[in-house]
Number of protein chains: 2
Amino acid sequence: MNIAQIGDQFPDITISTAPEDIICYGFDASGIEVCPSAIIWPNNTADVVKVMKYAYEKEIPVVPRGAGTGMTAGAVPSKGSIVLSFEKMKKIIEIDAENLNVLCEPGVINGKLQRELEWTGFFYPPDPASMNFCTLGGNVAENAGGPRALKYGVTRDYVMEIEAVLPNGEVITTGIKTTKGVVGYDLTRLFTGSEGTLAVFTKIRLKVLPLPEEVITLLAIFRSLESSGDAVTKIISSKIIPRTLEFMDRNAIEAVENFKPIGLPRDAEAVLLIELDGQPSTITREAEKVIALCSKLGAEIRMAKDEFAKNNLWASRRALSPALYHIKPTKINEDIVVPRNKLTEMLRRLRTLSEKSGIAIVNFGHAGDGNIHVNIMVDKADEDEYQRGLGLVEQIFRDTLELGGTISGEHGIGLTKAGYIDMELSERELKIMESIKKVFDPKKILNPGKIFS
Amino acid sequence: MNIAQIGDQFPDITISTAPEDIICYGFDASGIEVCPSAIIWPNNTADVVKVMKYAYEKEIPVVPRGAGTGMTAGAVPSKGSIVLSFEKMKKIIEIDAENLNVLCEPGVINGKLQRELEWTGFFYPPDPASMNFCTLGGNVAENAGGPRALKYGVTRDYVMEIEAVLPNGEVITTGIKTTKGVVGYDLTRLFTGSEGTLAVFTKIRLKVLPLPEEVITLLAIFRSLESSGDAVTKIISSKIIPRTLEFMDRNAIEAVENFKPIGLPRDAEAVLLIELDGQPSTITREAEKVIALCSKLGAEIRMAKDEFAKNNLWASRRALSPALYHIKPTKINEDIVVPRNKLTEMLRRLRTLSEKSGIAIVNFGHAGDGNIHVNIMVDKADEDEYQRGLGLVEQIFRDTLELGGTISGEHGIGLTKAGYIDMELSERELKIMESIKKVFDPKKILNPGKIFS
């Protein structure tokens, strides 16, 4: 690609080919680095159309990028690509309180939307751990989840309408402004979770919900891994659906206590962070049931007394991911899901795997959904250890699938899991998906190499 | 097609080419009739595979059929087609109380699943008016809604996994057994609402929820259409989300009182049937708020005192659709949705249209979703009146789209709306959908003529 040409093509759009930008936009949270040829910051849909038309004609790869918080290299550029970065498209265009939805540009930060909504008494349920950095465009591309997904579902359940620019520069609007609609195939849901491989999102309409009146936050500390897994199944089967049911194993507790201590006993085997939301009398009664149930399984219970205590607990939970780097410099991060009642079995298998291999595995995540963030802790500089760590991934995926699970709950496939996707999907299913990709992107210029290896 | 051949091909599968079957399977609730060449009742997935392989080779059209309760001729056969009818595939294979889901064959009747689930303390939220007849396979194909969609969403929100036979006889399983998962494109949601045009469903896994503890049923009777619309917007903006917020206009009230009377005042302009569900103290308080709010808008409120009274109200609501035939022998049935706060405006436009044309229009439906079932009442035998009735449809769709709505909330496109789909979708969007259809069904043998005219 002739870099000088790009600037000439788009005199009104900010473009950089400066080395410092090229480097900064060349990686995401996966740690994988590939430098792009240029970064373009569109101001609006028209700018995206211009760029896509040019790229389509010249067959230049384009990689749409939110905040780069993704774990599977979904936003890592491919060689010679243009990165489309949405920092300038960050307007909350409309908050429609009567119809319970918001219209946003893709660069709006999730946490920013949350704070704006709180003023009006509403909230947007999906709350990925990176919510204070990640963008809605990235959230839709990855079908982001978060702790509250247990009660409220994932991004897919909230996307109503997407304005999207196709690889050839055409603009379409999928979906509707109303909550119901069945006109034609569901392109909105096809785009959600498509990891930037089908179209570039330029406007997103999201459903919002009334804020719950009150939240009770409980911490249940278990001396046995099995009891914590049992507690998860029992809470749900007793017909209580907490908004969050977060899990940390012993290694995760250790990491928290070393990094952002909240006074967890170091000899605990597992912790559940449980939140109930709704009308005060209802959740008080639910909390009593949950406490009784966990106590019977030998847990020690702590209740967060005020907002400060709650925020403290969540700050620790959110700090967990970075805290792990205090154990080892490299984490191989997986994101498996098993049916809820297979959680204990999966955790047991992970423990055995860790003991046998001598490699630390730290587990935490959204236990209510059966979604475990498995962190294999190694040192990349120690080539042997790193390879042994990578070697565990396939076994973990095999166990996950054997228990009826899936190899990714919220992080997506990107580059890092593309080599494993055929463990879960059949050749026929993959071929169908590749044919769908071709319908939208016949020249394969949009986020190439992602999902399909 | 050589009909004798079919029987020889599948000696173990029930097949009929008898005229009485050909006629009975030649229509649905749309009233459109096209006789198929044969009806086949598969016993299992293997049977469906056999039939599809044969049909694919011989290029015979195949029309999958649930109970034929669809309103847009989605299950009406095409000429020379084989109807695949799922009466024999009606097993509830598994109720998984720990993971909150059920695995069913496509011929399971929605209401049957509801009753089985009630024993275990769970429910499956989508509840189309035809729930005592319609099948889950049809529900998924049409992305069925129902009164409870306001709080609980539509079929799309509950489908986890689909085993499907492709037009060429290959079997794939889309989706996952867990609530979360982001591996590859979302084929499950692409199938949901695809109106039998992409694949034949042979197993369906659905999410279920714990039954709410209690339900309060209220009837609010309004002397003005506008006040009823205002009440809908005000209830939702006051952050109460009832599980149902059903609406009937004056003509609908008249039809109910003539057919299955529940003592509604004949001079009422509109009625809202409101249900709140959840924990008793919460919904009691919500009911007080709703009553205060509706009373302020001039409504007279009645509360159903017991199960008998509740069932009575709902029986009337469900009888409404057939009751309309007492007004005129033919109803042209539309299923529009407008943003909730545009409901009053849309109803006003419908009233004006009815007055100007002299044709009765009866409106009822899911007001909370802005989803109005518009019934244009005519006599098909009176050709002039029928044509004038049909002539109103386009104006109604134009008004709907102008107000930011969609031309179908739950009934789908089928045959009857195929001629109007380009009012809502752009040429480019339609082309994309047709290309997706081609990926799955290159020979166009599956439910031909539906969605795309």
# chains A, B, ... in the order shown; residues from 1 in each chain; ligands from 1

call {"tool": "residues_around", "arguments": {"residues": "B:Val62", "least_positions_apart": "3", "cutoff": "10 Å", "atoms": "only C-alpha atoms", "output": "list in words"}}
result
Pro36, Ala38, Ile39, Ile40, Val51, Met52, Ala55, Tyr56, Glu59, Arg65, Pro77, Ser78, Gly80, Ser81, Ile82, Val83, Leu84, Pro167, Gly196, Thr197, Val200, Lys444, Ile445, Leu446, Asn447 and Pro448 of chain B

call {"tool": "write_last_selection", "arguments": {"atoms": "C-alpha atoms", "output": "compact mmCIF listing (two decimals), in the first residue's frame"}}
result
# COMPACT_ATOMS: atom_id res chain seq x y z
CA PRO B 36 -49.17 -30.41 -1.81
CA ALA B 38 -47.72 -35.69 -0.56
CA ILE B 39 -47.49 -35.47 3.20
CA ILE B 40 -44.71 -37.25 5.07
CA VAL B 51 -36.56 -37.36 2.73
CA MET B 52 -34.33 -34.31 2.27
CA ALA B 55 -35.97 -34.29 -2.42
CA TYR B 56 -32.61 -32.60 -3.01
CA GLU B 59 -35.38 -31.14 -6.78
CA ARG B 65 -45.13 -27.71 8.86
CA PRO B 77 -47.43 -25.79 0.58
CA SER B 78 -46.15 -24.83 -2.83
CA GLY B 80 -45.93 -30.20 -6.23
CA SER B 81 -44.35 -30.07 -2.79
CA ILE B 82 -43.88 -32.60 -0.04
CA VAL B 83 -45.19 -31.42 3.33
CA LEU B 84 -43.00 -32.56 6.24
CA PRO B 167 -31.75 -29.08 2.27
CA GLY B 196 -38.62 -22.78 7.25
CA THR B 197 -36.54 -21.46 4.37
CA VAL B 200 -35.58 -28.30 8.89
CA LYS B 444 -34.33 -23.43 -3.57
CA ILE B 445 -36.27 -26.53 -2.56
CA LEU B 446 -37.04 -25.53 1.03
CA ASN B 447 -40.34 -23.68 1.52
CA PRO B 448 -40.03 -21.86 -1.82

call {"tool": "select_by_dssp", "arguments": {"residues": "stretch 179-368 of chain B", "states": "alpha helix (DSSP H)", "output": "PyMOL selection string"}}
result
chain B and resi 187-191+225-237+250-259+280-296+307-323+343-357

call {"tool": "residues_around", "arguments": {"residues": "B:Ser408", "least_positions_apart": "4", "cutoff": "8 Å", "atoms": "only C-alpha atoms", "output": "VMD selection string"}}
result
(chain A and resid 181 to 183) or (chain B and resid 334 to 337 412 to 413)

call {"tool": "write_last_selection", "arguments": {"atoms": "N, CA, C and O atoms", "output": "compact mmCIF listing (two decimals), in the first residue's frame"}}
result
# COMPACT_ATOMS: atom_id res chain seq x y z
N GLY A 181 -40.00 -7.83 16.12
CA GLY A 181 -40.00 -7.68 14.67
C GLY A 181 -39.47 -8.94 14.02
O GLY A 181 -38.50 -9.53 14.50
N VAL A 182 -40.11 -9.37 12.94
CA VAL A 182 -39.71 -10.62 12.28
C VAL A 182 -39.74 -10.47 10.77
O VAL A 182 -40.28 -11.31 10.07
N VAL A 183 -39.13 -9.38 10.30
CA VAL A 183 -39.14 -9.14 8.86
C VAL A 183 -37.78 -9.54 8.28
O VAL A 183 -36.79 -8.83 8.45
N GLU B 334 -53.21 -7.91 9.92
CA GLU B 334 -51.84 -7.40 9.94
C GLU B 334 -51.31 -7.36 11.37
O GLU B 334 -52.07 -7.55 12.32
N ASP B 335 -50.06 -7.10 11.50
CA ASP B 335 -49.35 -7.42 12.74
C ASP B 335 -48.22 -6.41 12.95
O ASP B 335 -47.07 -6.76 13.12
N ILE B 336 -48.60 -5.14 12.87
CA ILE B 336 -47.58 -4.09 12.88
C ILE B 336 -47.04 -3.79 14.29
O ILE B 336 -47.67 -4.15 15.29
N VAL B 337 -45.89 -3.18 14.34
CA VAL B 337 -45.33 -2.69 15.61
C VAL B 337 -44.88 -1.26 15.41
O VAL B 337 -44.25 -0.94 14.40
N GLY B 412 -44.50 -12.88 10.86
CA GLY B 412 -43.57 -13.18 9.78
C GLY B 412 -44.07 -12.67 8.44
O GLY B 412 -45.11 -12.01 8.34
N ILE B 413 -43.32 -13.00 7.39
CA ILE B 413 -43.61 -12.51 6.05
C ILE B 413 -44.40 -13.54 5.23
O ILE B 413 -45.42 -13.22 4.64

call {"tool": "residues_around", "arguments": {"residues": "A:Gly278", "least_positions_apart": "4", "cutoff": "6 Å", "atoms": "only C-alpha atoms", "output": "list in words"}}
result
Pro212, Glu213 and Glu214 of chain A

call {"tool": "write_last_selection", "arguments": {"atoms": "N, CA, C and O atoms", "output": "PDB file, in the first residue's frame"}}
result
ATOM      1  N   PRO A 212     -32.643  -1.584  39.014  1.00  0.00           N
ATOM      2  CA  PRO A 212     -33.286  -2.239  40.159  1.00  0.00           C
ATOM      3  C   PRO A 212     -33.227  -1.331  41.387  1.00  0.00           C
ATOM      4  O   PRO A 212     -32.313  -0.526  41.530  1.00  0.00           O
ATOM      5  N   GLU A 213     -34.227  -1.499  42.256  1.00  0.00           N
ATOM      6  CA  GLU A 213     -34.310  -0.607  43.417  1.00  0.00           C
ATOM      7  C   GLU A 213     -33.146  -0.774  44.378  1.00  0.00           C
ATOM      8  O   GLU A 213     -32.656   0.175  44.967  1.00  0.00           O
ATOM      9  N   GLU A 214     -32.748  -2.027  44.577  1.00  0.00           N
ATOM     10  CA  GLU A 214     -31.715  -2.261  45.575  1.00  0.00           C
ATOM     11  C   GLU A 214     -30.867  -3.467  45.191  1.00  0.00           C
ATOM     12  O   GLU A 214     -31.324  -4.347  44.460  1.00  0.00           O
TER      13      GLU A 214
END

call {"tool": "atom_distance", "arguments": {"atom1": "atom CA of B:Arg348", "atom2": "atom CA of B:Leu225"}}
result
8.0 Å

call {"tool": "interface_residues", "arguments": {"of": "chain A", "to": "chain B", "cutoff": "7 Å", "atoms": "only C-alpha atoms", "output": "mmCIF file with C-alpha atoms, in the first residue's frame"}}
result
data_model
loop_
_atom_site.group_PDB
_atom_site.id
_atom_site.type_symbol
_atom_site.label_atom_id
_atom_site.label_comp_id
_atom_site.auth_asym_id
_atom_site.auth_seq_id
_atom_site.Cartn_x
_atom_site.Cartn_y
_atom_site.Cartn_z
ATOM 1 C CA ALA A 97 -36.790 6.769 28.114
ATOM 2 C CA GLU A 98 -40.302 6.102 26.789
ATOM 3 C CA ASN A 99 -39.241 3.272 24.511
ATOM 4 C CA ASN A 143 -21.135 -10.230 21.900
ATOM 5 C CA ASP A 157 -30.071 -9.722 24.018
ATOM 6 C CA ILE A 172 -27.385 -0.937 5.605
ATOM 7 C CA ILE A 176 -35.689 -2.270 14.226
ATOM 8 C CA LYS A 177 -36.497 0.500 16.667
ATOM 9 C CA THR A 178 -39.105 -1.671 18.374
ATOM 10 C CA THR A 179 -38.513 -4.630 20.647
ATOM 11 C CA LYS A 180 -40.351 -7.048 18.375
ATOM 12 C CA GLY A 181 -39.995 -7.683 14.671
ATOM 13 C CA VAL A 182 -39.714 -10.624 12.284
ATOM 14 C CA VAL A 183 -39.137 -9.138 8.855
ATOM 15 C CA GLY A 184 -36.478 -11.151 7.019
ATOM 16 C CA TYR A 185 -33.449 -12.929 8.438
ATOM 17 C CA ASP A 186 -31.940 -11.715 11.696
ATOM 18 C CA ARG A 189 -27.856 -11.122 15.606
ATOM 19 C CA LEU A 190 -25.628 -12.351 12.768
ATOM 20 C CA GLY A 193 -20.429 -11.612 17.800
ATOM 21 C CA SER A 194 -19.120 -11.598 14.218
ATOM 22 C CA PRO A 210 -35.089 0.248 34.666
ATOM 23 C CA THR A 233 -26.234 -25.370 41.280
ATOM 24 C CA SER A 237 -32.275 -24.851 41.274
ATOM 25 C CA LYS A 239 -35.292 -20.796 41.699
ATOM 26 C CA GLN A 279 -37.332 -4.890 45.291
ATOM 27 C CA THR A 282 -37.875 -9.742 47.793
ATOM 28 C CA VAL A 337 -18.282 -22.581 29.612
ATOM 29 C CA VAL A 338 -19.721 -25.840 30.933
ATOM 30 C CA PRO A 339 -23.316 -26.596 31.894
ATOM 31 C CA ARG A 340 -23.782 -25.177 35.368
ATOM 32 C CA ASN A 341 -24.054 -28.569 37.058
ATOM 33 C CA ASP A 369 -23.315 -19.237 33.740
ATOM 34 C CA GLY A 404 -21.226 -30.380 26.999
ATOM 35 C CA GLY A 405 -19.610 -26.954 27.053
ATOM 36 C CA THR A 406 -18.155 -24.412 24.652
ATOM 37 C CA SER A 408 -15.529 -19.502 24.437
ATOM 38 C CA GLY A 409 -18.204 -17.865 26.542
ATOM 39 C CA GLU A 410 -17.450 -14.222 25.894
ATOM 40 C CA GLY A 412 -14.616 -14.927 20.975
ATOM 41 C CA ILE A 413 -12.288 -16.771 18.620
ATOM 42 C CA GLU A 429 -20.800 -25.658 10.025
ATOM 43 C CA ILE A 432 -21.498 -22.441 6.071
ATOM 44 C CA MET A 433 -19.965 -19.664 8.163
ATOM 45 C CA SER A 435 -19.867 -18.872 2.857
ATOM 46 C CA ILE A 436 -21.775 -16.305 4.906
ATOM 47 C CA VAL A 439 -21.694 -12.963 1.062
ATOM 48 C CA ILE A 451 -12.349 -16.704 13.433
#

call {"tool": "closest_residue", "arguments": {"among": "B:Val215, B:Leu320, B:Ile359, B:Ile32", "to": "B:Glu286", "atoms": "only C-alpha atoms"}}
result
B:Val215

call {"tool": "closest_residue", "arguments": {"among": "B:Ser16, B:Thr400, B:Ser316, B:Ser85", "to": "B:Arg349", "atoms": "only C-alpha atoms"}}
result
B:Thr400

call {"tool": "closest_residue", "arguments": {"among": "B:Thr155, B:Thr217, B:Ser130, B:Asn363", "to": "B:Glu269", "atoms": "only C-alpha atoms"}}
result
B:Asn363

call {"tool": "select_by_dssp", "arguments": {"residues": "stretch 144-224 of chain B", "states": "strand (DSSP E)", "output": "PDB file with C-alpha atoms, in the first residue's frame"}}
result
ATOM      1  CA  VAL B 159     -33.465 -20.917  21.723  1.00  0.00           C
ATOM      2  CA  MET B 160     -30.121 -22.340  22.817  1.00  0.00           C
ATOM      3  CA  GLU B 161     -29.418 -25.152  20.380  1.00  0.00           C
ATOM      4  CA  ILE B 162     -30.995 -26.434  17.156  1.00  0.00           C
ATOM      5  CA  GLU B 163     -30.385 -29.752  15.449  1.00  0.00           C
ATOM      6  CA  ALA B 164     -31.213 -29.063  11.835  1.00  0.00           C
ATOM      7  CA  VAL B 165     -31.266 -30.973   8.585  1.00  0.00           C
ATOM      8  CA  VAL B 171     -27.250 -32.605   9.795  1.00  0.00           C
ATOM      9  CA  ILE B 172     -25.778 -29.749  11.806  1.00  0.00           C
ATOM     10  CA  THR B 173     -26.195 -28.644  15.408  1.00  0.00           C
ATOM     11  CA  THR B 174     -26.089 -24.911  15.965  1.00  0.00           C
ATOM     12  CA  GLY B 175     -25.658 -23.174  19.286  1.00  0.00           C
ATOM     13  CA  VAL B 200     -35.575 -28.297   8.895  1.00  0.00           C
ATOM     14  CA  PHE B 201     -35.410 -28.368  12.692  1.00  0.00           C
ATOM     15  CA  THR B 202     -35.336 -31.805  14.308  1.00  0.00           C
ATOM     16  CA  LYS B 203     -34.367 -30.977  17.918  1.00  0.00           C
ATOM     17  CA  ILE B 204     -34.635 -27.742  19.847  1.00  0.00           C
ATOM     18  CA  ARG B 205     -33.115 -26.823  23.205  1.00  0.00           C
ATOM     19  CA  LEU B 206     -34.941 -24.000  24.971  1.00  0.00           C
ATOM     20  CA  LYS B 207     -34.112 -21.966  28.044  1.00  0.00           C
ATOM     21  CA  LEU B 209     -37.308 -19.805  33.811  1.00  0.00           C
ATOM     22  CA  PRO B 210     -38.569 -20.327  37.370  1.00  0.00           C
ATOM     23  CA  GLU B 214     -47.786 -14.787  41.990  1.00  0.00           C
ATOM     24  CA  VAL B 215     -49.669 -12.999  39.233  1.00  0.00           C
ATOM     25  CA  ILE B 216     -52.027 -10.032  39.551  1.00  0.00           C
ATOM     26  CA  THR B 217     -54.458  -9.520  36.667  1.00  0.00           C
ATOM     27  CA  LEU B 218     -56.070  -6.125  36.134  1.00  0.00           C
ATOM     28  CA  LEU B 219     -58.519  -4.845  33.575  1.00  0.00           C
ATOM     29  CA  ALA B 220     -58.493  -1.096  32.884  1.00  0.00           C
ATOM     30  CA  ILE B 221     -61.454   0.271  30.932  1.00  0.00           C
ATOM     31  CA  PHE B 222     -60.971   3.567  29.145  1.00  0.00           C
TER      32      PHE B 222
END

call {"tool": "residues_around", "arguments": {"residues": "A:Lys88", "least_positions_apart": "2", "cutoff": "12 Å", "atoms": "only C-alpha atoms", "output": "NGL selection string"}}
result
:A and (13-14 or 40-45 or 47-48 or 66 or 84-86 or 90-92 or 105-109 or 135 or 202)

call {"tool": "closest_residue", "arguments": {"among": "A:Glu87, A:Glu385, A:Glu94, A:Glu254", "to": "A:Ile327", "atoms": "only C-alpha atoms"}}
result
A:Glu254

call {"tool": "closest_residue", "arguments": {"among": "A:Val208, A:Ile60, A:Ala304, A:Ala319", "to": "A:Ile6", "atoms": "only C-alpha atoms"}}
result
A:Ile60

call {"tool": "atom_distance", "arguments": {"atom1": "atom CA of A:Ile262", "atom2": "atom CA of A:Arg302"}}
result
11.5 Å
